[in-house]
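Pasting run.txt here (compact mmCIF, C-alpha atoms):
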# COMPACT_ATOMS: atom_id res chain seq x y z
CA MET U 1 -34.07 39.23 42.26
CA LYS U 2 -31.63 39.34 45.14
CA LEU U 3 -34.46 40.05 47.61
CA GLN U 4 -36.51 37.16 46.20
CA ARG U 5 -33.53 34.85 46.49
CA LYS U 6 -33.02 35.85 50.11
CA ASN U 7 -36.69 35.17 50.82
CA ARG U 8 -36.38 31.70 49.33
CA LEU U 9 -33.35 31.01 51.51
CA ARG U 10 -35.27 32.11 54.61
CA ALA U 11 -38.11 29.80 53.70
CA LEU U 12 -35.73 26.87 53.32
CA SER U 13 -34.00 27.58 56.59
CA LEU U 14 -37.25 27.04 58.53
CA GLY U 15 -37.00 23.35 57.64
CA ALA U 16 -33.50 23.09 59.04
CA VAL U 17 -33.46 25.25 62.14
CA ALA U 18 -31.03 23.17 64.13
CA VAL U 19 -28.28 23.01 61.56
CA SER U 20 -28.77 26.63 60.54
CA GLY U 21 -28.15 27.64 64.13
CA ALA U 22 -24.99 25.55 64.26
CA LEU U 23 -23.72 27.00 61.03
CA ALA U 24 -24.49 30.54 62.12
CA LEU U 25 -22.31 30.07 65.18
CA THR U 26 -19.32 28.89 63.15
CA ALA U 27 -19.55 30.54 59.75
CA CYS U 28 -16.69 32.89 60.67
CA GLY U 29 -18.07 35.97 58.96
CA SER U 30 -19.67 34.22 55.98
CA ASP U 31 -21.35 36.67 53.60
CA ASP U 32 -24.50 36.66 51.49
CA THR U 33 -23.32 35.07 48.27
CA GLY U 34 -26.73 34.62 46.75
CA THR U 35 -26.67 30.82 46.97
CA LYS U 36 -29.63 29.30 45.18
CA THR U 37 -31.04 26.30 47.01
CA GLY U 38 -34.44 26.15 45.32
CA ASP U 39 -37.93 26.50 46.75
CA GLY U 40 -39.42 24.50 49.61
CA ALA U 41 -40.98 21.89 47.33
CA SER U 42 -37.74 21.08 45.51
CA SER U 43 -35.85 20.99 48.80
CA ALA U 44 -38.36 18.55 50.25
CA ALA U 45 -38.09 16.39 47.13
CA ALA U 46 -34.29 16.34 47.41
CA ALA U 47 -34.51 15.46 51.09
CA GLY U 48 -36.90 12.63 50.28
CA SER U 49 -34.31 10.98 48.02
CA ILE U 50 -31.55 10.94 50.65
CA LYS U 51 -30.67 7.66 52.35
CA CYS U 52 -29.74 8.25 55.98
CA ASP U 53 -28.48 4.69 56.69
CA GLY U 54 -28.29 5.14 60.45
CA ALA U 55 -26.79 8.62 60.35
CA LYS U 56 -27.23 10.52 63.60
CA GLY U 57 -25.64 13.08 65.86
CA GLN U 58 -23.30 15.80 64.65
CA LEU U 59 -20.43 16.04 62.16
CA LEU U 60 -17.62 18.55 62.41
CA ALA U 61 -15.81 19.43 59.19
CA ASP U 62 -13.60 22.21 57.87
CA GLY U 63 -11.60 23.22 54.83
CA SER U 64 -12.09 24.73 51.40
CA SER U 65 -13.99 28.00 51.41
CA ALA U 66 -14.45 27.63 47.64
CA GLN U 67 -16.97 24.83 48.18
CA LYS U 68 -18.74 26.34 51.19
CA ASN U 69 -21.73 27.61 49.21
CA ALA U 70 -22.24 24.08 47.86
CA ILE U 71 -21.77 22.51 51.30
CA ASP U 72 -24.34 24.89 52.82
CA ALA U 73 -26.91 23.88 50.19
CA TRP U 74 -26.17 20.18 50.70
CA VAL U 75 -26.33 20.52 54.50
CA LYS U 76 -29.82 22.05 54.36
CA ASN U 77 -31.17 19.11 52.37
CA PHE U 78 -29.33 16.43 54.35
CA SER U 79 -30.23 17.86 57.74
CA GLN U 80 -33.87 18.06 56.76
CA ALA U 81 -33.85 14.39 55.74
CA CYS U 82 -31.70 12.88 58.48
CA GLY U 83 -31.65 15.32 61.39
CA VAL U 84 -27.85 15.33 61.51
CA GLN U 85 -26.12 18.58 62.37
CA ILE U 86 -23.14 19.29 60.10
CA ASN U 87 -20.86 22.10 61.13
CA TYR U 88 -18.59 23.04 58.19
CA LYS U 89 -16.42 26.08 58.96
CA GLY U 90 -14.85 26.73 55.55
CA ALA U 91 -11.65 28.20 57.03
CA GLY U 92 -9.54 27.21 54.02
CA SER U 93 -8.00 24.06 52.58
CA GLY U 94 -4.85 24.29 54.70
CA ALA U 95 -6.83 24.58 57.92
CA GLY U 96 -9.04 21.67 56.88
CA VAL U 97 -6.16 19.29 56.17
CA THR U 98 -4.44 20.27 59.43
CA SER U 99 -7.61 19.68 61.48
CA PHE U 100 -8.23 16.35 59.74
CA ASN U 101 -4.72 15.10 60.44
CA GLN U 102 -5.10 16.14 64.07
CA GLY U 103 -8.24 14.02 64.37
CA GLN U 104 -10.47 17.02 65.10
CA ILE U 105 -12.98 16.59 62.24
CA ALA U 106 -14.76 13.79 60.40
CA PHE U 107 -13.76 14.99 56.94
CA ALA U 108 -11.99 17.91 55.30
CA GLY U 109 -12.53 19.84 52.10
CA SER U 110 -9.44 20.75 50.08
CA ASP U 111 -8.94 22.26 46.64
CA SER U 112 -5.60 20.44 46.47
CA ALA U 113 -4.96 16.74 46.81
CA LEU U 114 -3.05 15.53 49.86
CA LYS U 115 0.72 15.78 49.64
CA PRO U 116 2.77 12.63 50.39
CA GLU U 117 3.77 13.93 53.83
CA GLU U 118 0.12 14.73 54.60
CA VAL U 119 -0.87 11.17 53.67
CA VAL U 120 1.78 9.86 56.07
CA ALA U 121 0.46 12.12 58.83
CA SER U 122 -3.11 10.91 58.20
CA LYS U 123 -2.16 7.32 59.06
CA LYS U 124 -1.92 8.32 62.73
CA VAL U 125 -5.61 9.27 62.65
CA CYS U 126 -6.90 6.67 60.18
CA LYS U 127 -6.12 3.52 62.16
CA GLY U 128 -5.17 0.82 59.67
CA GLY U 129 -5.79 3.15 56.74
CA GLN U 130 -5.00 6.61 55.39
CA GLY U 131 -6.57 9.82 54.15
CA ILE U 132 -7.84 9.72 50.56
CA ASP U 133 -8.99 12.38 48.09
CA LEU U 134 -12.55 12.16 46.73
CA PRO U 135 -13.29 14.72 43.96
CA MET U 136 -16.75 16.06 44.74
CA VAL U 137 -17.04 19.68 43.58
CA GLY U 138 -15.86 21.23 40.33
CA GLY U 139 -15.83 24.80 39.24
CA PRO U 140 -14.02 27.65 37.57
CA ILE U 141 -11.78 30.03 39.46
CA ALA U 142 -13.23 33.34 38.38
CA LEU U 143 -11.18 36.50 38.16
CA GLY U 144 -13.50 39.24 39.33
CA TYR U 145 -12.55 42.86 38.75
CA ASN U 146 -13.78 46.36 39.59
CA VAL U 147 -12.82 48.75 36.80
CA PRO U 148 -15.46 51.39 36.03
CA GLY U 149 -16.50 51.48 32.39
CA VAL U 150 -14.83 48.19 31.46
CA ASP U 151 -17.35 45.37 31.08
CA ASN U 152 -15.66 42.80 28.83
CA LEU U 153 -12.07 42.52 29.99
CA VAL U 154 -9.84 39.95 28.30
CA LEU U 155 -6.55 38.83 29.86
CA ASP U 156 -4.11 36.02 29.15
CA ALA U 157 -1.80 34.03 31.41
CA PRO U 158 1.33 36.21 30.98
CA THR U 159 -0.61 39.38 31.73
CA LEU U 160 -2.30 37.83 34.75
CA ALA U 161 1.05 36.68 36.10
CA LYS U 162 2.49 40.20 35.76
CA ILE U 163 -0.58 41.74 37.42
CA PHE U 164 -0.45 39.44 40.44
CA ASP U 165 3.35 39.77 40.66
CA SER U 166 3.08 43.61 40.73
CA LYS U 167 4.89 43.91 37.39
CA ILE U 168 1.83 45.54 35.77
CA GLN U 169 0.43 48.22 38.07
CA LYS U 170 -1.98 50.32 35.98
CA TRP U 171 -5.11 49.28 34.11
CA ASN U 172 -4.07 51.23 31.01
CA ASP U 173 -0.80 49.28 30.72
CA ALA U 174 0.22 48.52 27.11
CA ALA U 175 -0.11 44.75 27.62
CA ILE U 176 -3.73 45.10 28.76
CA LYS U 177 -4.48 47.58 25.96
CA LYS U 178 -3.21 45.10 23.38
CA LEU U 179 -5.70 42.47 24.58
CA ASN U 180 -8.54 45.02 24.82
CA PRO U 181 -8.09 47.44 21.88
CA SER U 182 -11.63 48.82 22.00
CA ALA U 183 -11.89 49.20 25.80
CA LYS U 184 -11.56 52.57 27.54
CA LEU U 185 -8.98 51.55 30.12
CA PRO U 186 -8.50 54.13 32.89
CA ASP U 187 -5.24 55.39 34.36
CA LEU U 188 -6.13 53.55 37.57
CA LYS U 189 -3.91 51.68 40.00
CA ILE U 190 -4.40 47.90 40.09
CA GLN U 191 -5.12 46.34 43.48
CA ALA U 192 -4.58 42.59 43.15
CA PHE U 193 -6.24 40.64 45.98
CA HIS U 194 -4.97 37.23 47.09
CA ARG U 195 -5.73 34.88 49.98
CA SER U 196 -4.09 35.61 53.32
CA GLU U 197 -4.24 32.02 54.61
CA ASP U 198 -3.16 28.70 53.11
CA SER U 199 -5.61 28.05 50.31
CA GLY U 200 -6.23 25.35 47.72
CA THR U 201 -7.68 28.05 45.47
CA THR U 202 -4.31 29.81 45.61
CA ASP U 203 -2.61 26.49 44.87
CA ASN U 204 -4.76 25.93 41.76
CA PHE U 205 -4.43 29.52 40.55
CA THR U 206 -0.64 29.43 40.81
CA LYS U 207 -0.48 25.95 39.23
CA TYR U 208 -2.24 27.50 36.24
CA LEU U 209 0.33 30.32 36.05
CA ILE U 210 3.26 27.92 36.46
CA ALA U 211 1.90 25.60 33.75
CA THR U 212 1.03 28.31 31.23
CA THR U 213 3.59 31.06 31.71
CA PRO U 214 6.60 29.81 33.73
CA ASP U 215 8.81 32.65 32.43
CA ASN U 216 6.50 35.17 34.11
CA TRP U 217 5.67 33.22 37.28
CA LYS U 218 8.86 31.93 38.85
CA TYR U 219 7.43 30.89 42.21
CA GLU U 220 7.23 27.24 43.24
CA GLY U 221 3.51 27.40 44.04
CA GLY U 222 1.54 25.79 46.85
CA LYS U 223 -1.24 26.80 49.22
CA ALA U 224 0.62 29.84 50.58
CA TRP U 225 0.77 33.04 48.50
CA GLN U 226 4.40 33.74 47.57
CA ALA U 227 4.46 36.82 45.32
CA LYS U 228 5.28 40.19 46.83
CA GLY U 229 2.81 43.07 46.99
CA GLY U 230 -0.91 42.98 46.45
CA GLN U 231 -3.71 42.93 49.01
CA ALA U 232 -4.45 39.96 51.28
CA ALA U 233 -7.91 38.89 52.42
CA SER U 234 -9.28 35.88 54.29
CA GLY U 235 -11.30 33.26 52.44
CA SER U 236 -12.91 33.42 49.01
CA ALA U 237 -15.62 35.61 50.53
CA GLY U 238 -13.02 38.07 51.83
CA VAL U 239 -11.24 38.34 48.47
CA ALA U 240 -14.56 38.84 46.67
CA GLN U 241 -15.59 41.52 49.15
CA GLY U 242 -12.25 43.28 48.69
CA VAL U 243 -12.79 43.42 44.93
CA LYS U 244 -16.34 44.73 45.29
CA GLN U 245 -15.30 47.50 47.68
CA ASN U 246 -12.20 48.82 45.87
CA GLN U 247 -12.02 50.45 42.45
CA GLY U 248 -9.13 49.05 40.46
CA ALA U 249 -9.28 45.71 42.27
CA ILE U 250 -8.98 42.22 40.82
CA GLY U 251 -9.04 38.89 42.67
CA TYR U 252 -9.50 35.14 42.24
CA PHE U 253 -12.26 33.04 43.79
CA GLU U 254 -14.75 30.32 42.93
CA LEU U 255 -17.51 31.43 40.55
CA SER U 256 -20.27 31.29 43.17
CA TYR U 257 -18.56 34.23 44.93
CA ALA U 258 -18.64 36.36 41.77
CA LYS U 259 -22.20 37.57 42.28
CA ASP U 260 -22.88 41.10 41.07
CA MET U 261 -19.43 41.65 39.58
CA THR U 262 -17.80 41.37 36.17
CA THR U 263 -15.33 38.56 35.42
CA VAL U 264 -12.35 38.22 33.11
CA ALA U 265 -12.47 36.22 29.88
CA ILE U 266 -9.22 34.31 29.43
CA ALA U 267 -7.45 34.21 26.07
CA THR U 268 -6.24 30.60 25.79
CA GLY U 269 -5.29 30.35 22.14
CA ALA U 270 -8.76 29.14 21.19
CA LYS U 271 -10.72 31.15 18.61
CA ALA U 272 -12.46 33.18 21.31
CA PRO U 273 -11.58 34.10 24.92
CA VAL U 274 -13.44 31.95 27.44
CA LYS U 275 -15.54 33.26 30.35
CA PRO U 276 -15.93 31.25 33.55
CA SER U 277 -19.10 29.17 33.70
CA THR U 278 -20.17 25.75 34.93
CA ASP U 279 -20.26 24.48 31.34
CA SER U 280 -16.82 25.83 30.42
CA ALA U 281 -15.34 24.37 33.62
CA THR U 282 -16.96 20.97 33.03
CA ALA U 283 -15.45 20.95 29.54
CA ASP U 284 -12.00 21.27 31.11
CA ILE U 285 -12.55 18.87 34.04
CA ALA U 286 -13.79 16.19 31.63
CA ALA U 287 -10.22 15.95 30.32
CA ALA U 288 -8.76 15.40 33.81
CA LYS U 289 -6.92 12.17 34.56
CA VAL U 290 -7.04 10.18 37.79
CA VAL U 291 -3.48 10.10 39.16
CA GLY U 292 -4.22 8.80 42.67
CA THR U 293 -3.48 5.19 43.56
CA GLY U 294 -5.70 2.64 45.28
CA LYS U 295 -8.85 4.30 46.57
CA ASP U 296 -7.35 7.78 46.22
CA LEU U 297 -8.95 9.64 43.29
CA ALA U 298 -6.71 12.70 42.97
CA LEU U 299 -6.98 14.29 39.51
CA LYS U 300 -4.56 16.05 37.17
CA LEU U 301 -6.17 19.01 35.38
CA ASP U 302 -5.20 20.38 31.96
CA TYR U 303 -4.33 24.04 32.56
CA ASN U 304 -2.92 24.39 29.04
CA THR U 305 -6.13 23.54 27.22
CA LYS U 306 -6.86 25.36 23.98
CA ALA U 307 -10.12 23.54 23.35
CA GLU U 308 -12.97 25.75 22.19
CA GLY U 309 -15.20 26.75 25.12
CA ALA U 310 -12.97 25.14 27.76
CA TYR U 311 -12.10 27.45 30.66
CA PRO U 312 -8.52 26.66 31.73
CA LEU U 313 -8.56 27.98 35.28
CA THR U 314 -10.58 25.36 37.13
CA LEU U 315 -10.37 23.60 40.44
CA VAL U 316 -11.70 20.40 41.92
CA THR U 317 -12.48 20.28 45.61
CA TYR U 318 -11.81 16.97 47.32
CA GLU U 319 -13.52 15.65 50.40
CA ILE U 320 -10.73 14.06 52.43
CA VAL U 321 -11.68 11.10 54.57
CA CYS U 322 -10.10 7.92 55.95
CA ASP U 323 -10.43 4.90 53.68
CA LYS U 324 -10.23 2.77 56.84
CA GLY U 325 -10.19 3.68 60.51
CA ASN U 326 -12.93 6.30 60.57
CA LYS U 327 -14.34 6.96 64.04
CA PRO U 328 -17.27 4.57 64.67
CA GLU U 329 -19.44 7.33 66.13
CA THR U 330 -19.20 9.49 62.99
CA LEU U 331 -18.78 6.90 60.23
CA PRO U 332 -22.52 6.34 59.49
CA ALA U 333 -23.21 10.06 59.13
CA THR U 334 -20.02 10.65 57.15
CA LYS U 335 -20.83 7.86 54.68
CA ALA U 336 -24.47 8.92 54.33
CA PHE U 337 -23.55 12.57 53.73
CA LEU U 338 -20.81 11.79 51.21
CA THR U 339 -23.10 9.29 49.49
CA TYR U 340 -25.64 12.08 49.02
CA LEU U 341 -22.99 14.49 47.72
CA ALA U 342 -21.89 11.99 45.07
CA SER U 343 -25.41 10.99 44.10
CA GLU U 344 -27.18 12.25 41.00
CA ASP U 345 -29.40 14.50 43.12
CA GLY U 346 -26.42 15.78 45.10
CA GLN U 347 -24.47 16.66 41.98
CA LYS U 348 -27.51 18.52 40.57
CA VAL U 349 -27.22 20.91 43.53
CA LEU U 350 -23.85 22.03 42.14
CA SER U 351 -25.13 23.35 38.83
CA GLN U 352 -27.92 25.16 40.71
CA ASN U 353 -25.27 27.04 42.69
CA ASP U 354 -22.71 27.98 40.00
CA TYR U 355 -20.50 24.93 40.49
CA ALA U 356 -19.59 22.26 37.94
CA PRO U 357 -20.69 18.66 38.56
CA ILE U 358 -17.95 16.04 38.48
CA PRO U 359 -18.04 14.07 35.18
CA GLU U 360 -19.95 10.81 35.43
CA GLU U 361 -17.00 8.47 34.82
CA ILE U 362 -15.17 10.05 37.78
CA ILE U 363 -18.11 10.47 40.19
CA ALA U 364 -19.07 6.82 39.64
CA LYS U 365 -15.69 5.84 41.11
CA VAL U 366 -16.31 8.21 44.03
CA ARG U 367 -19.63 6.46 44.79
CA THR U 368 -17.94 3.05 44.85
CA THR U 369 -15.20 4.33 47.14
CA VAL U 370 -17.61 6.02 49.57
CA ALA U 371 -19.58 2.79 49.86
CA SER U 372 -16.38 0.98 50.93
CA LEU U 373 -15.38 3.39 53.70
CA SER U 374 -14.91 1.71 57.06
Rewrite the structure from the file as structure tokens, please.
Amino acid sequence: MKLQRKNRLRALSLGAVAVSGALALTACGSDDTGTKTGDGASSAAAAGSIKCDGAKGQLLADGSSAQKNAIDAWVKNFSQACGVQINYKGAGSGAGVTSFNQGQIAFAGSDSALKPEEVVASKKVCKGGQGIDLPMVGGPIALGYNVPGVDNLVLDAPTLAKIFDSKIQKWNDAAIKKLNPSAKLPDLKIQAFHRSEDSGTTDNFTKYLIATTPDNWKYEGGKAWQAKGGQAASGSAGVAQGVKQNQGAIGYFELSYAKDMTTVAIATGAKAPVKPSTDSATADIAAAKVVGTGKDLALKLDYNTKAEGAYPLTLVTYEIVCDKGNKPETLPATKAFLTYLASEDGQKVLSQNDYAPIPEEIIAKVRTTVASLS
């Protein structure tokens, strides 16, 4: 299956040689994550539905590595339709926001909404406007693990907090045994992997721990990892690779990076522990509330959900762009690309690549906002 998937990707790439070359030069060590972009016929059909609206030239973008697999799939289709080269580095949410506020890129991807001070900084780049958050990609933060002989691991928020805070250091710890009474847990050291750079995925993971088990996670949270100990790796791909290569490892990353590994089911208080999936993430994101003002569409997620089948550890990736004051030379391509991302066809790409589409009532507001960008 993996070989067939690779062959399909190679076939698709022939239709987008220019952008593939650009991406290859800047992918910064991107790995084979098994992204599914469909066959040539479906790709051509998707490209045929894209409105280019004067888009031309090249777009530079950076940010969330969690959404990079989705961005790569979107870029293939958009480039084929419009001939625009889009170079998305995926160096992390922190790097993306910094580059955006320095005027180096057309848009940024971030798994966390802009902070007030970041909005203020954006006004220097967005002449007459400011940076806004557009929720475009949803998905669960999977907890992948590498423990031989253990295939159906269940953990809860307190146990996760103690694992990632180095308070639980062996897989046969009593707290883990209590949640997995029938599992053969080995006397194996836990290696908890976290992101080495500023990361929106880290921000969302620690927000979950703060919201659900504040007595066990006493850090203030944010994009930077604050707990002591553990293993650091760069990007979601780096954390996933660390888990795959090390027995006893566990790490957090977007579901599309969890290829060929087992993932934790989270005990939430619902009747059954919940595994990460696009459906279980959508069930949680559907309860999110828009808390941004004006054209900003920042969301507040419910990390404490106990709803049946709702996975509590989700993230939403925002595309950050100027509401006004975008550079004239990149505005047409930026609007056309974001319009495609928010379209029905664009959102379908997400579920094909292990992401969760944004609920219709929210994505409809995104479409209206993108159309008004200037």
Discussion item. I need the residue nearest Val264 of chain U from this list: U:Asn146, U:Gln191, U:Asn304, U:Gln241. Use all atoms listed in the file for the distance.
Written reply: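 Once distances to Val264 of chain U are computed over all atoms listed in the file, the minimum belongs to U:Asn146.
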Worksheet item: So how many Å separate atom CA of Gln58 of chain U and atom CA of Ala333 of chain U, to one decimal?
Response: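 Going from atom CA of Gln58 of chain U over to atom CA of Ala333 of chain U, I get 8.0 Å.
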Worksheet item: Could you state the separation of atom CA of Gly242 of chain U and atom CA of Asp151 of chain U in Å, given to one decimal place?
Response: 18.5 Å
Where does segment 276-353 of chain U meet segment 128-132 of chain U within 9 Å, residue by residue, with the nearest atom pair and distance in Å to one decimal for each, counting all atoms listed in the file, listed by chain and rising number, as CSV?
residue,atom,partner,partner_atom,distance
U:Gly292,CA,U:Ile132,CA,8.7
U:Lys295,CA,U:Ile132,CA,6.8
U:Asp296,CA,U:Ile132,CA,4.8
U:Leu297,CA,U:Ile132,CA,7.4
U:Ala298,CA,U:Ile132,CA,8.2
U:Tyr318,CA,U:Ile132,CA,8.9
U:Glu319,CA,U:Ile132,CA,8.2
U:Ile320,CA,U:Ile132,CA,5.5
U:Val321,CA,U:Gly131,CA,5.3
U:Cys322,CA,U:Gly131,CA,4.4
U:Asp323,CA,U:Gly129,CA,5.8
U:Lys324,CA,U:Gly129,CA,4.5
U:Gly325,CA,U:Gly129,CA,5.8
U:Asn326,CA,U:Gly129,CA,8.7
Worksheet item: Of the residues U:Ser277, U:Ser110, U:Ser199, U:Ser166, which is the one nearest to Ala61 of chain U, using all atoms listed in the file?
Response: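 The closest residue to Ala61 of chain U is U:Ser110.
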Discussion item. Report, in Å to a single decimal, how far apart atom CA of Leu341 of chain U and atom CA of Ser122 of chain U are.
Written reply: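 Atom CA of Leu341 of chain U lies 22.8 Å from atom CA of Ser122 of chain U.
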Output as an mmCIF file, in the coordinates of the input: segment 325-346 of chain U, completed with N, CA, C and O atoms.
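As written to disk, part22.cif reads:
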data_model
loop_
_atom_site.group_PDB
_atom_site.id
_atom_site.type_symbol
_atom_site.label_atom_id
_atom_site.label_comp_id
_atom_site.auth_asym_id
_atom_site.auth_seq_id
_atom_site.Cartn_x
_atom_site.Cartn_y
_atom_site.Cartn_z
ATOM 1 N N GLY U 325 -10.522 3.101 59.226
ATOM 2 C CA GLY U 325 -10.190 3.680 60.510
ATOM 3 C C GLY U 325 -10.947 4.938 60.864
ATOM 4 O O GLY U 325 -10.534 5.684 61.750
ATOM 5 N N ASN U 326 -12.074 5.184 60.178
ATOM 6 C CA ASN U 326 -12.930 6.300 60.570
ATOM 7 C C ASN U 326 -13.509 6.055 61.961
ATOM 8 O O ASN U 326 -13.736 4.908 62.348
ATOM 9 N N LYS U 327 -13.791 7.107 62.699
ATOM 10 C CA LYS U 327 -14.340 6.960 64.040
ATOM 11 C C LYS U 327 -15.722 6.322 63.967
ATOM 12 O O LYS U 327 -16.580 6.789 63.202
ATOM 13 N N PRO U 328 -15.978 5.276 64.737
ATOM 14 C CA PRO U 328 -17.270 4.570 64.670
ATOM 15 C C PRO U 328 -18.466 5.473 64.915
ATOM 16 O O PRO U 328 -19.522 5.285 64.313
ATOM 17 N N GLU U 329 -18.303 6.472 65.771
ATOM 18 C CA GLU U 329 -19.440 7.330 66.130
ATOM 19 C C GLU U 329 -19.827 8.287 64.998
ATOM 20 O O GLU U 329 -20.952 8.791 64.970
ATOM 21 N N THR U 330 -18.895 8.558 64.088
ATOM 22 C CA THR U 330 -19.200 9.490 62.990
ATOM 23 C C THR U 330 -19.251 8.811 61.632
ATOM 24 O O THR U 330 -19.682 9.437 60.653
ATOM 25 N N LEU U 331 -18.829 7.563 61.532
ATOM 26 C CA LEU U 331 -18.780 6.900 60.230
ATOM 27 C C LEU U 331 -20.136 6.820 59.534
ATOM 28 O O LEU U 331 -20.222 7.138 58.336
ATOM 29 N N PRO U 332 -21.232 6.411 60.210
ATOM 30 C CA PRO U 332 -22.520 6.340 59.490
ATOM 31 C C PRO U 332 -22.946 7.664 58.886
ATOM 32 O O PRO U 332 -23.383 7.719 57.728
ATOM 33 N N ALA U 333 -22.810 8.753 59.647
ATOM 34 C CA ALA U 333 -23.210 10.060 59.130
ATOM 35 C C ALA U 333 -22.279 10.525 58.018
ATOM 36 O O ALA U 333 -22.722 11.114 57.027
ATOM 37 N N THR U 334 -20.983 10.268 58.181
ATOM 38 C CA THR U 334 -20.020 10.650 57.150
ATOM 39 C C THR U 334 -20.325 9.941 55.832
ATOM 40 O O THR U 334 -20.383 10.563 54.762
ATOM 41 N N LYS U 335 -20.544 8.622 55.903
ATOM 42 C CA LYS U 335 -20.830 7.860 54.680
ATOM 43 C C LYS U 335 -22.151 8.314 54.053
ATOM 44 O O LYS U 335 -22.242 8.464 52.822
ATOM 45 N N ALA U 336 -23.163 8.516 54.865
ATOM 46 C CA ALA U 336 -24.470 8.920 54.330
ATOM 47 C C ALA U 336 -24.382 10.287 53.659
ATOM 48 O O ALA U 336 -24.944 10.499 52.571
ATOM 49 N N PHE U 337 -23.668 11.222 54.293
ATOM 50 C CA PHE U 337 -23.550 12.570 53.730
ATOM 51 C C PHE U 337 -22.761 12.546 52.425
ATOM 52 O O PHE U 337 -23.178 13.129 51.416
ATOM 53 N N LEU U 338 -21.619 11.862 52.423
ATOM 54 C CA LEU U 338 -20.810 11.790 51.210
ATOM 55 C C LEU U 338 -21.519 11.020 50.101
ATOM 56 O O LEU U 338 -21.359 11.336 48.917
ATOM 57 N N THR U 339 -22.307 10.018 50.482
ATOM 58 C CA THR U 339 -23.100 9.290 49.490
ATOM 59 C C THR U 339 -24.087 10.233 48.815
ATOM 60 O O THR U 339 -24.271 10.188 47.590
ATOM 61 N N TYR U 340 -24.714 11.102 49.594
ATOM 62 C CA TYR U 340 -25.640 12.080 49.020
ATOM 63 C C TYR U 340 -24.905 13.051 48.103
ATOM 64 O O TYR U 340 -25.364 13.355 46.994
ATOM 65 N N LEU U 341 -23.741 13.552 48.529
ATOM 66 C CA LEU U 341 -22.990 14.490 47.720
ATOM 67 C C LEU U 341 -22.655 13.917 46.342
ATOM 68 O O LEU U 341 -22.718 14.611 45.326
ATOM 69 N N ALA U 342 -22.297 12.633 46.327
ATOM 70 C CA ALA U 342 -21.890 11.990 45.070
ATOM 71 C C ALA U 342 -23.051 11.478 44.240
ATOM 72 O O ALA U 342 -22.849 11.067 43.094
ATOM 73 N N SER U 343 -24.248 11.524 44.807
ATOM 74 C CA SER U 343 -25.410 10.990 44.100
ATOM 75 C C SER U 343 -25.818 11.923 42.956
ATOM 76 O O SER U 343 -25.378 13.072 42.864
ATOM 77 N N GLU U 344 -26.689 11.431 42.099
ATOM 78 C CA GLU U 344 -27.180 12.250 41.000
ATOM 79 C C GLU U 344 -27.878 13.501 41.515
ATOM 80 O O GLU U 344 -27.661 14.612 41.010
ATOM 81 N N ASP U 345 -28.709 13.344 42.545
ATOM 82 C CA ASP U 345 -29.400 14.500 43.120
ATOM 83 C C ASP U 345 -28.417 15.462 43.778
ATOM 84 O O ASP U 345 -28.566 16.690 43.680
ATOM 85 N N GLY U 346 -27.411 14.926 44.454
ATOM 86 C CA GLY U 346 -26.420 15.780 45.100
ATOM 87 C C GLY U 346 -25.627 16.586 44.090
ATOM 88 O O GLY U 346 -25.369 17.775 44.283
#
